[in-house]
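File shown: my_file.cif (mmCIF, C-alpha atoms).
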data_target
loop_
_atom_site.label_atom_id
_atom_site.label_comp_id
_atom_site.auth_asym_id
_atom_site.auth_seq_id
_atom_site.Cartn_x
_atom_site.Cartn_y
_atom_site.Cartn_z
CA MET A 9 -9.63 -2.28 32.60
CA ILE A 10 -10.64 -2.96 29.02
CA ARG A 11 -14.38 -2.63 28.48
CA SER A 12 -15.51 -5.19 25.93
CA PRO A 13 -17.78 -8.25 25.90
CA HIS A 14 -14.87 -10.09 24.27
CA TYR A 15 -12.39 -9.27 27.03
CA THR A 16 -12.55 -11.81 29.86
CA ASP A 17 -10.89 -12.77 33.11
CA GLY A 18 -8.89 -15.24 31.04
CA HIS A 19 -7.26 -12.33 29.23
CA GLU A 20 -6.27 -10.80 32.57
CA THR A 21 -4.76 -14.10 33.72
CA PHE A 22 -2.85 -14.20 30.45
CA ARG A 23 -1.68 -10.62 31.08
CA THR A 24 -0.26 -11.57 34.46
CA SER A 25 1.82 -14.32 32.90
CA VAL A 26 3.04 -12.11 30.04
CA ARG A 27 3.99 -9.32 32.45
CA ARG A 28 5.98 -11.72 34.63
CA PHE A 29 7.83 -13.09 31.58
CA ILE A 30 8.71 -9.64 30.24
CA GLU A 31 9.76 -8.26 33.61
CA THR A 32 11.92 -11.23 34.58
CA GLU A 33 13.28 -12.64 31.30
CA ILE A 34 13.32 -9.73 28.85
CA ALA A 35 13.53 -6.33 30.57
CA PRO A 36 16.79 -7.06 32.48
CA HIS A 37 18.54 -7.85 29.19
CA TRP A 38 16.91 -5.30 26.91
CA ASN A 39 19.90 -2.97 26.67
CA ASP A 40 22.01 -5.94 25.56
CA PHE A 41 19.44 -6.80 22.89
CA ARG A 42 19.54 -3.20 21.63
CA LYS A 43 23.32 -3.31 21.40
CA GLU A 44 23.22 -6.63 19.52
CA GLY A 45 20.48 -5.37 17.20
CA HIS A 46 18.22 -8.41 17.60
CA VAL A 47 16.41 -10.54 20.15
CA PRO A 48 18.17 -13.89 20.78
CA ARG A 49 16.59 -17.07 19.52
CA GLU A 50 16.27 -18.50 23.03
CA ILE A 51 13.78 -15.74 23.88
CA TRP A 52 11.59 -16.87 20.99
CA ARG A 53 11.76 -20.48 22.15
CA ARG A 54 10.96 -19.49 25.71
CA ALA A 55 7.96 -17.40 24.58
CA GLY A 56 6.70 -20.40 22.60
CA GLU A 57 7.16 -22.70 25.56
CA LEU A 58 5.04 -20.38 27.71
CA GLY A 59 2.28 -20.05 25.10
CA PHE A 60 2.89 -16.41 24.14
CA LEU A 61 3.31 -17.03 20.39
CA CYS A 62 0.53 -17.62 17.84
CA THR A 63 -2.11 -17.01 20.48
CA LYS A 64 -4.85 -16.58 17.84
CA THR A 65 -3.85 -19.67 15.84
CA ALA A 66 -6.20 -22.64 16.10
CA THR A 67 -5.32 -25.19 18.77
CA GLU A 68 -5.22 -27.96 16.16
CA TYR A 69 -2.09 -26.26 14.78
CA GLY A 70 -0.52 -25.74 18.20
CA GLY A 71 -1.79 -22.21 18.77
CA GLY A 72 -3.72 -20.72 21.65
CA GLY A 73 -7.09 -20.44 19.91
CA GLY A 74 -7.48 -16.91 21.26
CA ASP A 75 -8.46 -13.56 19.77
CA LEU A 76 -7.00 -10.15 19.02
CA TYR A 77 -7.17 -9.12 22.67
CA HIS A 78 -4.38 -11.60 23.39
CA CYS A 79 -2.27 -9.69 20.88
CA LEU A 80 -3.23 -6.42 22.56
CA VAL A 81 -2.19 -7.75 25.96
CA VAL A 82 1.28 -8.71 24.71
CA ILE A 83 1.76 -5.35 23.00
CA GLU A 84 0.58 -3.40 26.06
CA GLU A 85 2.86 -5.28 28.41
CA GLN A 86 5.97 -5.03 26.26
CA THR A 87 5.27 -1.34 25.63
CA ARG A 88 4.88 -0.66 29.33
CA ALA A 89 8.25 -2.34 29.92
CA GLN A 90 10.01 -0.29 27.21
CA ALA A 91 10.32 -3.27 24.88
CA SER A 92 7.95 -2.02 22.21
CA GLU A 93 10.05 -3.30 19.30
CA LEU A 94 9.72 -6.94 20.36
CA THR A 95 8.21 -8.46 17.21
CA PHE A 96 6.19 -11.37 18.56
CA TYR A 97 3.12 -9.73 17.00
CA LEU A 98 4.69 -9.82 13.52
CA HIS A 99 5.42 -13.52 13.79
CA SER A 100 2.18 -14.49 15.54
CA ASP A 101 -0.52 -12.08 14.46
CA ILE A 102 0.53 -11.01 10.98
CA ILE A 103 2.47 -13.88 9.37
CA ALA A 104 0.87 -16.92 11.03
CA PRO A 105 -2.62 -15.84 9.84
CA TYR A 106 -1.38 -15.75 6.23
CA ILE A 107 -0.54 -19.43 6.52
CA GLU A 108 -3.61 -20.38 8.55
CA LEU A 109 -6.09 -18.52 6.32
CA TYR A 110 -4.56 -19.02 2.87
CA GLY A 111 -2.11 -21.91 3.18
CA THR A 112 -2.61 -25.48 2.07
CA ASP A 113 -3.21 -28.19 4.67
CA ASP A 114 0.39 -29.28 4.18
CA GLN A 115 1.72 -25.76 4.78
CA LYS A 116 -0.34 -25.33 7.93
CA ALA A 117 0.84 -28.64 9.34
CA ARG A 118 4.49 -28.03 8.49
CA TYR A 119 4.88 -24.48 9.79
CA LEU A 120 2.25 -23.37 12.30
CA PRO A 121 3.08 -25.80 15.15
CA ARG A 122 6.78 -24.94 14.91
CA MET A 123 5.97 -21.22 14.84
CA ALA A 124 3.80 -21.59 17.93
CA ARG A 125 6.61 -23.37 19.77
CA GLY A 126 9.15 -20.74 18.78
CA GLU A 127 11.24 -23.33 16.97
CA ILE A 128 11.23 -21.18 13.85
CA VAL A 129 10.97 -17.39 13.53
CA ALA A 130 9.00 -15.90 10.65
CA ALA A 131 9.32 -12.71 8.61
CA ILE A 132 7.42 -11.23 5.70
CA ALA A 133 9.26 -9.61 2.78
CA MET A 134 7.23 -7.08 0.81
CA THR A 135 9.15 -3.79 0.70
CA GLU A 136 11.80 -3.23 -1.97
CA PRO A 137 14.22 -0.35 -2.59
CA GLY A 138 11.85 0.99 -5.27
CA GLY A 139 8.53 -0.18 -3.84
CA GLY A 140 7.16 0.39 -0.35
CA SER A 141 3.53 1.42 -0.07
CA ASP A 142 3.12 0.73 -3.82
CA LEU A 143 3.12 -3.07 -3.68
CA GLN A 144 2.18 -3.38 -7.33
CA ALA A 145 5.61 -1.96 -8.21
CA ILE A 146 7.63 -4.84 -6.75
CA ARG A 147 10.26 -6.23 -9.10
CA THR A 148 11.23 -9.48 -7.35
CA THR A 149 10.27 -12.45 -9.52
CA ALA A 150 9.62 -16.13 -8.87
CA ILE A 151 9.45 -17.96 -12.20
CA ALA A 152 8.25 -21.58 -12.37
CA ASP A 153 10.88 -24.08 -13.45
CA GLY A 154 10.07 -27.76 -13.10
CA ASP A 155 9.07 -28.55 -9.54
CA SER A 156 10.44 -25.25 -8.22
CA TYR A 157 10.15 -21.48 -8.47
CA VAL A 158 13.36 -19.56 -9.15
CA LEU A 159 13.42 -16.43 -6.99
CA ASN A 160 15.39 -13.32 -7.95
CA GLY A 161 15.32 -9.84 -6.46
CA GLN A 162 15.91 -7.76 -3.37
CA LYS A 163 13.93 -6.73 -0.29
CA VAL A 164 14.69 -4.05 2.27
CA PHE A 165 13.67 -2.99 5.82
CA ILE A 166 12.66 -6.59 6.66
CA SER A 167 11.91 -7.00 10.37
CA ASN A 168 13.03 -10.37 11.82
CA GLY A 169 15.06 -10.73 8.63
CA HIS A 170 18.32 -11.41 10.47
CA VAL A 171 16.97 -14.33 12.53
CA ALA A 172 14.12 -15.60 10.32
CA ASP A 173 13.95 -19.30 9.45
CA LEU A 174 10.82 -18.81 7.33
CA ILE A 175 10.18 -15.80 5.10
CA CYS A 176 6.91 -15.12 3.30
CA VAL A 177 8.15 -13.44 0.11
CA ALA A 178 6.00 -11.33 -2.21
CA ALA A 179 7.14 -11.87 -5.80
CA LYS A 180 5.78 -11.78 -9.32
CA THR A 181 5.19 -15.25 -10.69
CA ASP A 182 3.83 -13.65 -13.88
CA PRO A 183 5.45 -10.21 -14.34
CA ALA A 184 3.26 -9.43 -17.37
CA GLN A 185 0.11 -9.47 -15.22
CA GLY A 186 1.02 -6.64 -12.83
CA ALA A 187 -0.77 -6.97 -9.48
CA LYS A 188 -2.58 -10.09 -10.73
CA GLY A 189 0.82 -11.74 -11.20
CA ILE A 190 1.91 -11.37 -7.56
CA SER A 191 2.17 -14.49 -5.40
CA LEU A 192 3.41 -15.24 -1.89
CA LEU A 193 6.04 -17.95 -1.45
CA LEU A 194 7.35 -19.51 1.75
CA LEU A 195 11.13 -19.57 1.79
CA GLU A 196 12.91 -21.79 4.30
CA THR A 197 16.22 -20.01 4.82
CA GLU A 198 18.32 -22.89 6.10
CA GLY A 199 20.50 -24.18 3.27
CA ALA A 200 18.82 -21.94 0.68
CA GLU A 201 21.45 -21.45 -2.01
CA GLY A 202 21.53 -17.97 -3.49
CA PHE A 203 19.85 -16.42 -0.45
CA THR A 204 21.86 -13.72 1.34
CA ARG A 205 21.09 -11.51 4.31
CA GLY A 206 22.52 -8.00 4.23
CA ARG A 207 23.78 -6.05 7.20
CA LYS A 208 21.52 -5.16 10.11
CA LEU A 209 20.32 -1.67 9.29
CA ARG A 210 21.06 1.13 11.75
CA LYS A 211 17.80 2.88 12.60
CA VAL A 212 16.70 5.98 14.49
CA GLY A 213 14.81 3.78 16.96
CA CYS A 214 13.61 0.19 17.48
CA LYS A 215 17.23 -0.84 17.88
CA ALA A 216 16.52 -4.34 19.25
CA GLN A 217 14.29 -5.10 16.26
CA ASP A 218 16.52 -6.53 13.56
CA SER A 219 15.87 -5.03 10.14
CA VAL A 220 17.91 -6.14 7.15
CA GLU A 221 18.16 -6.26 3.38
CA LEU A 222 17.52 -9.61 1.72
CA PHE A 223 19.00 -10.73 -1.60
CA PHE A 224 17.76 -13.57 -3.81
CA GLU A 225 19.84 -14.89 -6.69
CA ASP A 226 18.35 -17.94 -8.42
CA VAL A 227 16.96 -19.22 -5.11
CA ARG A 228 14.89 -22.35 -5.65
CA ILE A 229 11.65 -22.67 -3.69
CA PRO A 230 9.63 -25.91 -4.00
CA ARG A 231 6.27 -25.50 -5.74
CA ARG A 232 4.53 -26.83 -2.65
CA ASN A 233 5.69 -23.65 -0.87
CA LEU A 234 3.52 -21.37 -3.02
CA LEU A 235 1.10 -20.03 -0.42
CA GLY A 236 -2.28 -21.63 -1.06
CA GLY A 237 -0.99 -23.51 -4.10
CA VAL A 238 -2.49 -21.08 -6.66
CA GLU A 239 -0.51 -18.39 -8.47
CA GLY A 240 -1.60 -14.77 -8.67
CA LYS A 241 -3.40 -14.59 -5.31
CA GLY A 242 -0.66 -12.69 -3.47
CA PHE A 243 -1.84 -9.12 -3.95
CA GLN A 244 -5.36 -10.01 -2.84
CA GLN A 245 -4.00 -11.86 0.20
CA LEU A 246 -1.85 -8.89 1.16
CA MET A 247 -4.72 -6.43 0.81
CA LEU A 248 -7.03 -8.57 2.92
CA ARG A 249 -4.50 -8.83 5.74
CA LEU A 250 -3.30 -5.21 5.84
CA PRO A 251 -6.29 -3.84 7.83
CA GLU A 252 -5.47 -6.14 10.76
CA GLU A 253 -1.78 -5.24 10.54
CA ARG A 254 -2.72 -1.56 10.73
CA LEU A 255 -5.00 -2.21 13.70
CA ILE A 256 -2.14 -3.95 15.49
CA MET A 257 0.05 -0.92 14.83
CA SER A 258 -2.67 1.22 16.36
CA MET A 259 -2.47 -0.92 19.50
CA SER A 260 1.19 -0.04 19.90
CA SER A 261 0.50 3.68 19.39
CA VAL A 262 -2.22 3.76 22.04
CA ALA A 263 -0.15 1.81 24.54
CA ASN A 264 2.76 4.19 24.02
CA MET A 265 0.55 7.22 24.58
CA GLU A 266 -0.71 5.87 27.86
CA SER A 267 2.72 4.82 29.12
CA ALA A 268 4.29 8.15 28.15
CA ILE A 269 1.60 10.11 29.98
CA GLU A 270 1.94 7.98 33.10
CA GLU A 271 5.72 8.43 33.13
CA THR A 272 5.46 12.17 32.48
CA VAL A 273 2.93 12.74 35.26
CA SER A 274 5.28 10.96 37.65
CA TYR A 275 8.23 13.06 36.46
CA THR A 276 6.40 16.38 36.73
CA ARG A 277 5.28 15.56 40.26
CA GLU A 278 8.89 15.18 41.36
CA ARG A 279 10.62 17.83 39.23
CA LYS A 280 10.97 21.23 40.97
CA VAL A 281 11.14 24.50 38.99
CA PHE A 282 11.04 28.02 40.46
CA GLY A 283 10.40 26.55 43.88
CA GLN A 284 7.37 24.44 42.98
CA ARG A 285 6.55 21.14 41.35
CA LEU A 286 6.43 21.21 37.57
CA ILE A 287 2.89 19.77 37.64
CA ASP A 288 1.70 22.72 39.74
CA LEU A 289 2.28 25.05 36.78
CA GLN A 290 -0.90 25.65 34.81
CA ASN A 291 0.81 25.14 31.45
CA THR A 292 1.97 21.69 32.51
CA ARG A 293 -1.51 20.65 33.58
CA PHE A 294 -3.03 22.01 30.36
CA LYS A 295 -0.53 20.10 28.21
CA LEU A 296 -1.10 16.89 30.15
CA ALA A 297 -4.86 17.40 29.92
CA GLU A 298 -4.58 17.60 26.13
CA CYS A 299 -2.43 14.47 26.02
CA LYS A 300 -4.78 12.56 28.32
CA THR A 301 -7.78 13.46 26.20
CA LYS A 302 -6.08 12.26 23.02
CA ALA A 303 -5.14 8.98 24.69
CA VAL A 304 -8.65 8.34 26.01
CA LEU A 305 -10.20 9.02 22.60
CA ALA A 306 -7.63 6.75 20.94
CA ARG A 307 -8.26 3.97 23.48
CA ASN A 308 -12.01 4.05 22.94
CA PHE A 309 -11.68 3.96 19.15
CA LEU A 310 -9.12 1.17 19.38
CA GLU A 311 -11.35 -1.05 21.52
CA HIS A 312 -14.29 -0.31 19.21
CA CYS A 313 -12.15 -1.43 16.26
CA ILE A 314 -10.96 -4.61 17.98
CA ASP A 315 -14.55 -5.56 18.77
CA ALA A 316 -15.51 -4.89 15.16
CA PHE A 317 -12.63 -7.09 13.99
CA ILE A 318 -13.64 -9.98 16.24
CA ASP A 319 -17.26 -9.62 15.08
CA GLY A 320 -16.18 -9.61 11.43
CA ARG A 321 -17.20 -5.97 10.83
CA PHE A 322 -13.76 -4.39 10.45
CA ASP A 323 -12.81 -3.09 7.00
CA THR A 324 -10.01 -1.42 5.06
CA VAL A 325 -11.20 2.12 5.75
CA GLN A 326 -11.44 1.54 9.50
CA GLY A 327 -7.94 0.05 9.42
CA ALA A 328 -6.61 3.12 7.64
CA MET A 329 -8.36 5.45 10.08
CA ALA A 330 -7.09 3.59 13.15
CA LYS A 331 -3.53 3.49 11.87
CA TRP A 332 -3.08 7.09 10.74
CA TRP A 333 -5.03 8.75 13.52
CA SER A 334 -3.41 6.89 16.41
CA SER A 335 0.12 7.15 14.97
CA GLN A 336 -0.32 10.89 14.45
CA ARG A 337 -1.75 11.43 17.93
CA VAL A 338 1.00 9.42 19.63
CA TYR A 339 3.57 11.56 17.83
CA GLU A 340 1.91 14.68 19.27
CA VAL A 341 1.63 13.19 22.76
CA LEU A 342 5.21 11.96 22.87
CA ASP A 343 6.49 15.31 21.65
CA GLU A 344 4.64 17.16 24.41
CA CYS A 345 5.76 14.66 27.06
CA LEU A 346 9.38 14.92 25.95
CA GLN A 347 9.12 18.73 26.09
CA LEU A 348 7.86 18.55 29.67
CA HIS A 349 10.96 16.56 30.60
CA GLY A 350 13.14 19.44 29.38
CA GLY A 351 16.76 18.56 28.65
CA TYR A 352 16.39 15.22 30.38
CA GLY A 353 13.79 14.23 27.81
CA TYR A 354 16.50 14.32 25.15
CA MET A 355 18.67 11.85 27.05
CA THR A 356 18.28 8.19 26.11
CA GLU A 357 18.52 7.20 29.78
CA TYR A 358 14.96 8.45 30.11
CA PRO A 359 12.14 6.26 28.75
CA ILE A 360 10.46 9.16 26.95
CA ALA A 361 13.46 9.65 24.64
CA ARG A 362 13.43 5.98 23.62
CA ARG A 363 9.67 5.98 23.14
CA TYR A 364 9.95 9.09 20.96
CA ALA A 365 12.57 7.49 18.69
CA ASP A 366 10.95 4.05 18.55
CA GLN A 367 7.44 5.26 17.80
CA ARG A 368 8.39 7.49 14.86
CA LEU A 369 8.27 4.46 12.59
CA ALA A 370 4.51 4.13 13.09
CA ARG A 371 3.72 6.93 10.62
CA ILE A 372 5.68 5.08 7.90
CA ALA A 373 5.35 1.31 8.39
CA GLY A 374 2.28 -0.60 7.26
CA GLY A 375 1.62 2.05 4.61
CA THR A 376 2.47 5.70 5.19
CA ASN A 377 -0.14 7.95 6.77
CA GLU A 378 -0.47 9.76 3.47
CA ILE A 379 -1.52 6.47 1.85
CA MET A 380 -3.98 5.88 4.71
CA LYS A 381 -5.66 9.22 4.03
CA GLU A 382 -5.79 8.42 0.33
CA LEU A 383 -7.58 5.12 1.08
CA ILE A 384 -10.12 6.96 3.21
CA GLY A 385 -10.50 9.79 0.73
CA ARG A 386 -11.37 7.43 -2.13
CA THR A 387 -14.57 6.47 -0.29
CA LEU A 388 -15.90 10.01 0.07
#
Please rewrite the model in this file as structure tokens.
Amino acid sequence: MIRSPHYTDGHETFRTSVRRFIETEIAPHWNDFRKEGHVPREIWRRAGELGFLCTKTATEYGGGGGDLYHCLVVIEEQTRAQASELTFYLHSDIIAPYIELYGTDDQKARYLPRMARGEIVAAIAMTEPGGGSDLQAIRTTAIADGDSYVLNGQKVFISNGHVADLICVAAKTDPAQGAKGISLLLLETEGAEGFTRGRKLRKVGCKAQDSVELFFEDVRIPRRNLLGGVEGKGFQQLMLRLPEERLIMSMSSVANMESAIEETVSYTRERKVFGQRLIDLQNTRFKLAECKTKAVLARNFLEHCIDAFIDGRFDTVQGAMAKWWSSQRVYEVLDECLQLHGGYGYMTEYPIARRYADQRLARIAGGTNEIMKELIGRTL
């Protein structure tokens, strides 16, 4: 049970509903989703119908009016069910807040209710072939021309990119100004001339999470789709939102640690070696003790950080600490748990193999762990 003054019985009721949805409507089809390389649109609509999208968005815009613990519940339940790459969190808890916090009244009214209902799927396009963690180096431009911006450039590794109806694109509206010239624009993909989606990229893990390249060639975006209506605010908006994104990534890491340990304890209780259970060997118990300790420490820090976020006390350094530390520890825990499975741990039929492959992305996405340490180090 989560120990926090912000976590209520209502969250547990919500958890029950989410668990039922994932177990009955997602888990039975997950292997098909992995083969297809994306989650079908009807799943998004169904999640919206049940109130599992945009749970933190204000009720006046069709959201649930909840808090970050609702996001945690969804991530925990999908992780437990081996569906960790389901990107509801990206749509609901990363992109929707950009629009709610920084968008114009018109943008909020046009997009948030449809996002909450699952009628449209959202993506955010920051990373480029030559610019990942270094957002100031992006080369995509959006130059004003009459009542439109003309968008040119390329993005890569864009999650939800294959199915997205709405893409929040980071581009330079004034290339001469560097970071101060970056803006965020909302691109509606339907009928957008000059917009092309590349192939679905083949990844080590997260195979049901569609990731693609995006190409923009003289794509016209109406001026009213400039996020917030003021040019040059994009870099600041991105920097303000990244700590929460990194905290959400930490949620996934902690949930994966806990699930991996639970599955490995169960396996070692049943697996016989040299005439005894694997868990009866001292080395096994020592390794599991180390993993359990790391998971408990990570869980306590995570819940501390979520409370700080809800109370308005969470900052960039805490976000960097939560992201790098939890993603490094989950790597260590998953490696030990896979080792305890022996040869079976290397087989994708076993959950630990899929967790190992899927979770490797955590040390890269949202800013590499090396960048996280640099952010922390600058404050010393």
Hey, can you check how far atom CA of Asp182 of chain A sits from atom CA of Ile379 of chain A?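 Going from atom CA of Asp182 of chain A over to atom CA of Ile379 of chain A, I get 26.1 Å.
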Closest to Glu20 of chain A among A:Asp343, A:Glu85, A:Asp101, A:Asp40, using all atoms listed in the file?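 The answer is A:Glu85, which sits nearest to Glu20 of chain A.
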Given the file shown, determine the residues that the PyMOL selection byres ((chain A and resi 271) around 12) selects; report them as a compact mmCIF listing (two decimals) with C-alpha atoms, in the frame of the given file.
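The resulting selection_10.txt:
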# COMPACT_ATOMS: atom_id res chain seq x y z
CA ARG A 88 4.88 -0.66 29.33
CA ALA A 89 8.25 -2.34 29.92
CA GLN A 90 10.01 -0.29 27.21
CA ASN A 264 2.76 4.19 24.02
CA MET A 265 0.55 7.22 24.58
CA GLU A 266 -0.71 5.87 27.86
CA SER A 267 2.72 4.82 29.12
CA ALA A 268 4.29 8.15 28.15
CA ILE A 269 1.60 10.11 29.98
CA GLU A 270 1.94 7.98 33.10
CA THR A 272 5.46 12.17 32.48
CA VAL A 273 2.93 12.74 35.26
CA SER A 274 5.28 10.96 37.65
CA TYR A 275 8.23 13.06 36.46
CA THR A 276 6.40 16.38 36.73
CA ARG A 277 5.28 15.56 40.26
CA GLU A 278 8.89 15.18 41.36
CA LEU A 296 -1.10 16.89 30.15
CA LEU A 342 5.21 11.96 22.87
CA CYS A 345 5.76 14.66 27.06
CA LEU A 346 9.38 14.92 25.95
CA LEU A 348 7.86 18.55 29.67
CA HIS A 349 10.96 16.56 30.60
CA GLY A 353 13.79 14.23 27.81
CA TYR A 358 14.96 8.45 30.11
CA PRO A 359 12.14 6.26 28.75
CA ILE A 360 10.46 9.16 26.95
CA ALA A 361 13.46 9.65 24.64
CA ARG A 363 9.67 5.98 23.14
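Among the candidates A:Thr21, A:Asn160, A:Thr63, A:Thr324, the one nearest to Leu250 of chain A when counting all atoms listed in the file is A:Thr324.
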Written as a list of chain:residue names, which residues does the PyMOL selection byres ((chain A and resi 318-323) around 10) give for the file shown?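 That selection, the PyMOL selection byres ((chain A and resi 318-323) around 10), comes back as A:His14, A:Asp75, A:Leu76, A:Tyr77, A:Leu248, A:Leu250, A:Pro251, A:Glu252, A:Leu255, A:His312, A:Cys313, A:Ile314, A:Asp315, A:Ala316, A:Phe317, A:Thr324, A:Val325, A:Gln326, A:Gly327, A:Ala328.
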Compile a residue-level contact table for segment 119-141 of chain A against segment 43-58 of chain A at a cut-off of 7 Å, reporting for every qualifying residue the shortest atom pair and its distance in Å to one decimal, with all atoms listed in the file counted, rows ordered by chain and ascending number, as a tab-separated table.
residue	atom	partner	partner_atom	distance
A:Ala124	CA	A:Gly56	CA	5.6
A:Arg125	CA	A:Gly56	CA	4.1
A:Gly126	CA	A:Arg53	CA	4.3
A:Glu127	CA	A:Arg53	CA	5.9
Go ahead and compute the interatomic distance for atom CA of Gly189 of chain A and atom CA of Ile175 of chain A, in Å to one decimal. 19.2 Å
Contact residues around Val129 of chain A with all atoms listed in the file at 8 Å, ignoring same-chain residues under 2 positions, as an MDAnalysis selection string: chainID A and resid 52 99 123 126:127 131 168 171:174
Between A:Thr197, A:Ser191, A:Thr204, A:Asn233, single out the one closest to Gln245 of chain A, counting only C-alpha atoms. A:Ser191
Please identify all polymer residues within 7 Å of segment 132-136 of chain A, counting all atoms listed in the file, omitting same-chain residues fewer than 5 positions from it, and present them as a PyMOL selection string. chain A and resi 103+146+162-166+175-178
State, in Å with one decimal place, the distance from atom CA of Leu369 of chain A to atom CA of Ser167 of chain A.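 Taking atom CA of Leu369 of chain A as the start and atom CA of Ser167 of chain A as the end point, the length is 12.2 Å.
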Taking the file as shown, find all residues satisfying the PyMOL selection byres ((chain A and resi 120) around 9) and write them as a PyMOL selection string. chain A and resi 62+65+69-71+104+107-108+115-119+121-125
